[in-house]
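**Student:** What follows is a single structure, and I will ask about it in a moment.
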Amino acid sequence: MKADPGDQSLFCGTSNALVKRFLSPAVFNRLCRLKTDTGFTLARAIRSGQKNADSSIGIYAGDAQCYTLFKEIFEPVITAYHQITAPACHTRNLAFVDLFDLDPDRDFILSARVRVARNLDAMAFTPHINRQDRQMVEKQILDALHSLSAPLKGCYHPMEKMDPGQIRDQAHTGKAFIPGDRFQEDAGINRDFPLSRGVYTSEDKTFMVWINEEDHLRIICLEKTGDLGRVFNKLVQALDCLGKALVFASDPCLGYLNACPTNIGTAMRAGVHIRLPKLEKHPGELEKTAQAHGLQIRGTFGEKTRVTGSVFDISNRRRLGVCETRIIQDLYTGIAALMEKEKKL
Ligand code: DAR
């Protein structure tokens with residue numbers, strides 16, 4: 001879809017958000033009076049991008065129907081971000097993989113983490129869900145989690161009773177999460193925080209489920225290891241169990257549907273925390289190698305944070321038009337290439 005000059009009046013002049021690039025006055029006028037069945041509008045969808053001039057995307061979905069009703073703006077944003085020509089029918093492949101430990105001596109890799117975002121089908125997403133439905137989402141997910149057996153068996157830490165200080169402390173121990181950033185705040189995702197929010201953790205703390213953070217579920221496997229395959233395979237096992245009890249919002253072409261259009265398709269982010277002190281001094285080399293392997297470089301504490309102690313958060317960039325096993329294999333190859341470069345410098 002050829003990008004019309006965006007409607008400059010809707011967004012800050014300095015914004016480079018994808019939504020600004022594609023939301024022409026004509027598209028805006030066609031979509032601005034529409035409402036989804038849950039009552040979500042285009043104005044609500046773009047509010048975060050209007051209030052944050054440094055948004056990279058600038059639009060959130062309030063329910064699954066947004067992706068069809070507001071397709072004229074979601075589709076060009078999706079094809080631009082995920083670098084696909086047009087949303088082909090998404091393929092899933094959640095099979096076990098057989099990979100070696102990339103760093104058995106732990107010279108570089110501090111930890112490996114694989115997470116997927118999911119939303120319960122037929123429920124409004126976090127930018128739009130009401131208090132009652134958010135509570136129902138929490139209950140349905142907990143019923144599924146409490147049926148898990150070892151090694152996924154664990155306990156739930158509801159955040160409703162925690163004060164902000166306790167939430168900050170518990171976030172360090174992985175038993176809570178802090179409110180979403182200003183982008184999520186302006187998208188309405190933090191409403192009623194911390195009601196119906198909480199974290200489920202397995203007994204060995206390598207499996208977690210965040211309930212009602214940016215999406216209804218963030219299903220996370222995390223280990224202090226370079227064994228990407230083991231961490232991925234545990235996530236595959238967890239998804240197999242949870243998929244038997246819960247129905248997730250999805251689309252034949254777009255895959256799993258979530259609040260942010262960057263998190264659709266596999267909705268999977270697989271990454272490592274890796275110490276690269278020499279490549280830190282050669283940012284061009286680091287960026288070139290990462291890009292060659294479809295990897296995204298983030299700061300030590302994730303999106304839009306700084307690098308501290310030469311520790312980078314490096315993960316897959318694309319989530320749509322590429323299946324889960326391919327993502328983990330590309331990550332494996334890309335991290336191995338970065339480790340080789342670091343050794344040679
Ligand atoms: N910060 C918003 C969303 C970017 C994608 N990251 C998410 N979904 N956590 C932006 O438009 O820049």
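Lettering and numbering for the structure tokens are positional, with chains as A, B, ... in the shown order, residues counted from 1 in each chain, and ligands counted from 1 in the shown order.
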List the spatial neighbours of Pro104 (chain A) as a list in words - criterion: any atom at most 10 Å away, only C-alpha atoms, same-chain residues fewer than 6 positions off excluded.

**Tutor:**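 The filter keeps Thr225, Gly226 and Asp227 of chain A.
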
**Student:** What does the list of residues within 10 Å of ligand 1 look like if you count only C-alpha atoms and all ligand atoms, written as a PyMOL selection string?

**Tutor:** chain A and resi 16-19+46+48-50+52-60+81+180-184+187+214-215+258-264+302-304

**Student:** For the residues in the current selection, export C-alpha atoms as a tab-separated table (two decimals), in the first residue's frame.

**Tutor:**
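Contents of result-v5.tsv, freshly written:
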```tsv
chain	number	residue	atom	x	y	z
A	16	ASN	CA	7.98	9.42	13.15
A	17	ALA	CA	5.37	6.91	14.27
A	18	LEU	CA	4.28	4.43	11.62
A	19	VAL	CA	0.65	5.36	12.28
A	46	ILE	CA	-4.13	6.39	18.16
A	48	SER	CA	-0.90	6.99	22.68
A	49	GLY	CA	0.79	7.91	19.39
A	50	GLN	CA	-0.70	11.40	19.54
A	52	ASN	CA	3.96	10.52	22.69
A	53	ALA	CA	5.84	12.10	19.81
A	54	ASP	CA	8.62	9.50	20.19
A	55	SER	CA	6.27	6.58	19.51
A	56	SER	CA	7.67	4.18	16.91
A	57	ILE	CA	4.29	2.59	16.14
A	58	GLY	CA	1.67	4.87	17.76
A	59	ILE	CA	-1.41	2.66	17.62
A	60	TYR	CA	-2.91	-0.07	19.83
A	81	TYR	CA	6.97	-3.04	10.94
A	180	GLY	CA	3.28	-0.07	31.77
A	181	ASP	CA	5.33	2.79	30.36
A	182	ARG	CA	3.85	6.15	29.31
A	183	PHE	CA	2.94	4.72	25.92
A	184	GLN	CA	0.85	2.02	27.60
A	187	ALA	CA	-3.24	3.73	25.58
A	214	GLU	CA	0.29	-5.30	28.23
A	215	ASP	CA	-1.84	-8.29	27.18
A	258	ASN	CA	-2.57	-8.61	20.76
A	259	ALA	CA	-2.82	-4.98	21.87
A	260	CYS	CA	0.28	-3.81	19.98
A	261	PRO	CA	0.57	-4.63	16.25
A	262	THR	CA	4.26	-5.40	16.78
A	263	ASN	CA	3.17	-8.37	18.91
A	264	ILE	CA	1.08	-10.39	16.48
A	302	GLY	CA	14.53	-3.80	27.66
A	303	GLU	CA	12.78	-1.41	25.37
A	304	LYS	CA	13.97	2.19	25.34
```

**Student:** Would you please extract all strand (DSSP E or B) residues from region 18-260 of chain A, as assigned by DSSP on the backbone, and give them as a PyMOL selection string?

**Tutor:** chain A and resi 35+41+109-118+120+154-158+198-202+207-211+217-223+248+250-251+255-256

**Student:** CA of Lys244 (chain A) and CA of Ile327 (chain A), how far apart in Å?

**Tutor:**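 If I compute the distance from CA of Ile327 (chain A) to CA of Lys244 (chain A), I get 23.6 Å.
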
**Student:** Based on DSSP run over this structure's backbone, return all residues of region 112-246 of chain A in helix (DSSP H, G or I), as number ranges by chain.

**Tutor:** A: 131-145, 164-173, 182-187, 228-245

**Student:** Write out the residues from the selection above, keeping N, CA and C atoms, as a compact mmCIF listing (two decimals), in the first residue's frame.

**Tutor:**
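Contents of again-v2.txt, freshly written:
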```
# COMPACT_ATOMS: atom_id res chain seq x y z
N ARG A 131 -13.33 -3.26 34.14
CA ARG A 131 -12.87 -3.86 35.40
C ARG A 131 -13.43 -5.29 35.58
N GLN A 132 -14.71 -5.43 35.26
CA GLN A 132 -15.38 -6.74 35.47
C GLN A 132 -14.79 -7.81 34.55
N ASP A 133 -14.61 -7.46 33.29
CA ASP A 133 -14.06 -8.44 32.34
C ASP A 133 -12.59 -8.74 32.64
N ARG A 134 -11.86 -7.74 33.12
CA ARG A 134 -10.46 -7.99 33.46
C ARG A 134 -10.38 -9.01 34.60
N GLN A 135 -11.33 -8.90 35.52
CA GLN A 135 -11.37 -9.86 36.66
C GLN A 135 -11.72 -11.27 36.13
N MET A 136 -12.61 -11.32 35.13
CA MET A 136 -13.00 -12.62 34.56
C MET A 136 -11.82 -13.24 33.82
N VAL A 137 -11.07 -12.39 33.13
CA VAL A 137 -9.87 -12.87 32.42
C VAL A 137 -8.89 -13.48 33.43
N GLU A 138 -8.67 -12.77 34.52
CA GLU A 138 -7.75 -13.28 35.56
C GLU A 138 -8.22 -14.63 36.08
N LYS A 139 -9.51 -14.75 36.31
CA LYS A 139 -10.04 -16.02 36.87
C LYS A 139 -9.89 -17.17 35.87
N GLN A 140 -10.23 -16.91 34.61
CA GLN A 140 -10.14 -17.98 33.59
C GLN A 140 -8.70 -18.47 33.43
N ILE A 141 -7.77 -17.51 33.44
CA ILE A 141 -6.36 -17.89 33.27
C ILE A 141 -5.87 -18.66 34.50
N LEU A 142 -6.27 -18.21 35.68
CA LEU A 142 -5.83 -18.90 36.90
C LEU A 142 -6.38 -20.32 36.96
N ASP A 143 -7.63 -20.50 36.55
CA ASP A 143 -8.20 -21.87 36.52
C ASP A 143 -7.32 -22.78 35.65
N ALA A 144 -6.84 -22.25 34.53
CA ALA A 144 -5.98 -23.06 33.64
C ALA A 144 -4.61 -23.30 34.28
N LEU A 145 -4.07 -22.27 34.90
CA LEU A 145 -2.73 -22.39 35.49
C LEU A 145 -2.73 -23.37 36.67
N PRO A 164 2.45 0.42 45.97
CA PRO A 164 3.47 0.66 44.92
C PRO A 164 4.88 0.23 45.33
N GLY A 165 5.22 0.43 46.61
CA GLY A 165 6.56 0.04 47.06
C GLY A 165 6.75 -1.46 47.00
N GLN A 166 5.72 -2.18 47.45
CA GLN A 166 5.79 -3.66 47.41
C GLN A 166 5.86 -4.15 45.96
N ILE A 167 5.13 -3.50 45.08
CA ILE A 167 5.16 -3.90 43.66
C ILE A 167 6.55 -3.71 43.09
N ARG A 168 7.16 -2.58 43.42
CA ARG A 168 8.53 -2.34 42.94
C ARG A 168 9.48 -3.41 43.48
N ASP A 169 9.35 -3.73 44.79
CA ASP A 169 10.24 -4.74 45.38
C ASP A 169 9.98 -6.11 44.75
N GLN A 170 8.70 -6.47 44.64
CA GLN A 170 8.36 -7.80 44.12
C GLN A 170 8.70 -7.93 42.63
N ALA A 171 8.71 -6.80 41.93
CA ALA A 171 9.08 -6.85 40.50
C ALA A 171 10.51 -7.35 40.35
N HIS A 172 11.37 -6.99 41.34
CA HIS A 172 12.77 -7.47 41.30
C HIS A 172 12.85 -8.97 41.53
N THR A 173 11.88 -9.50 42.28
CA THR A 173 11.95 -10.95 42.56
C THR A 173 11.12 -11.74 41.53
N ARG A 182 4.77 5.03 29.64
CA ARG A 182 3.85 6.15 29.31
C ARG A 182 3.08 5.86 28.03
N PHE A 183 3.66 5.08 27.15
CA PHE A 183 2.94 4.72 25.92
C PHE A 183 1.72 3.87 26.27
N GLN A 184 1.95 2.89 27.17
CA GLN A 184 0.85 2.02 27.60
C GLN A 184 -0.13 2.81 28.47
N GLU A 185 0.40 3.71 29.29
CA GLU A 185 -0.47 4.57 30.13
C GLU A 185 -1.45 5.32 29.24
N ASP A 186 -0.94 5.95 28.22
CA ASP A 186 -1.80 6.77 27.35
C ASP A 186 -2.70 5.93 26.45
N ALA A 187 -2.36 4.63 26.35
CA ALA A 187 -3.24 3.73 25.58
C ALA A 187 -4.36 3.18 26.46
N LEU A 228 19.35 -22.05 24.66
CA LEU A 228 18.11 -21.49 24.10
C LEU A 228 17.08 -22.59 23.86
N GLY A 229 17.54 -23.74 23.40
CA GLY A 229 16.62 -24.83 23.06
C GLY A 229 15.83 -25.30 24.27
N ARG A 230 16.51 -25.39 25.40
CA ARG A 230 15.81 -25.88 26.61
C ARG A 230 14.74 -24.89 27.06
N VAL A 231 15.08 -23.61 26.99
CA VAL A 231 14.12 -22.56 27.42
C VAL A 231 12.92 -22.54 26.46
N PHE A 232 13.22 -22.62 25.16
CA PHE A 232 12.13 -22.63 24.15
C PHE A 232 11.24 -23.86 24.34
N ASN A 233 11.85 -25.02 24.53
CA ASN A 233 11.06 -26.26 24.64
C ASN A 233 10.15 -26.23 25.86
N LYS A 234 10.60 -25.56 26.94
CA LYS A 234 9.72 -25.46 28.11
C LYS A 234 8.51 -24.59 27.79
N LEU A 235 8.73 -23.55 26.99
CA LEU A 235 7.60 -22.68 26.59
C LEU A 235 6.63 -23.46 25.72
N VAL A 236 7.17 -24.29 24.82
CA VAL A 236 6.31 -25.11 23.94
C VAL A 236 5.43 -26.01 24.80
N GLN A 237 6.03 -26.61 25.83
CA GLN A 237 5.28 -27.50 26.73
C GLN A 237 4.18 -26.71 27.45
N ALA A 238 4.52 -25.51 27.93
CA ALA A 238 3.54 -24.68 28.66
C ALA A 238 2.39 -24.28 27.74
N LEU A 239 2.72 -23.89 26.50
CA LEU A 239 1.68 -23.45 25.56
C LEU A 239 0.77 -24.62 25.20
N ASP A 240 1.35 -25.79 25.12
CA ASP A 240 0.54 -26.97 24.80
C ASP A 240 -0.49 -27.22 25.91
N CYS A 241 -0.02 -27.08 27.16
CA CYS A 241 -0.93 -27.29 28.31
C CYS A 241 -2.00 -26.20 28.36
N LEU A 242 -1.58 -24.94 28.27
CA LEU A 242 -2.54 -23.83 28.41
C LEU A 242 -3.50 -23.79 27.22
N GLY A 243 -3.01 -24.19 26.04
CA GLY A 243 -3.85 -24.17 24.84
C GLY A 243 -5.00 -25.16 24.92
N LYS A 244 -4.86 -26.14 25.82
CA LYS A 244 -5.95 -27.12 26.00
C LYS A 244 -7.10 -26.53 26.83
N ALA A 245 -6.76 -25.50 27.63
CA ALA A 245 -7.77 -24.95 28.56
C ALA A 245 -8.28 -23.58 28.13
```

**Student:** Applying 6 Å and only C-alpha atoms, which residues near Gly62 (chain A) remain after dropping the ones on its own chain fewer than 6 positions away? List them as a list of chain:residue names.

**Tutor:**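 Here the qualifying residues turn out to be A:Phe125, A:Pro127, A:His128.
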
**Student:** Which residues, written as a ChimeraX atom specification, have at least one atom at most 12 Å from Leu34 (chain A), with only C-alpha atoms counted and residues fewer than 5 positions away on the same chain left out?

**Tutor:** /A:27-29,39-45,65-66,68-71

**Student:** From the set A:Arg317, A:His157, A:Lys281, A:Arg118, which residue has the shortest atom-to-atom contact distance to Val247 (chain A), counting only C-alpha atoms?

**Tutor:** A:Arg118

**Student:** From the list A:Asn119, A:Asn212, A:Gln83, A:Gln329, which residue is nearest Phe177 (chain A) when using only C-alpha atoms?

**Tutor:**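 The closest residue to Phe177 (chain A) is A:Asn212.
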
**Student:** Would you kindly return, as a ChimeraX atom specification, each protein, DNA or RNA residue with an atom no farther than 8 Å from any atom of Thr91 (chain A), considering only C-alpha atoms and excluding same-chain residues fewer than 3 positions away?

**Tutor:** /A:255,321-323

**Student:** Could you check the closest approach to Thr206 (chain A) for each of A:His146, A:Arg113, A:Arg298, A:Arg218 and tell me which residue wins, using only C-alpha atoms?

**Tutor:**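 Closest to Thr206 (chain A), using only C-alpha atoms: A:Arg113.
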
**Student:** With distances taken over only C-alpha atoms, which residue among A:Ser111, A:Ser202, A:Ser147, A:Thr38 lies nearest Leu222 (chain A)?

**Tutor:**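 Closest candidate: A:Ser111.
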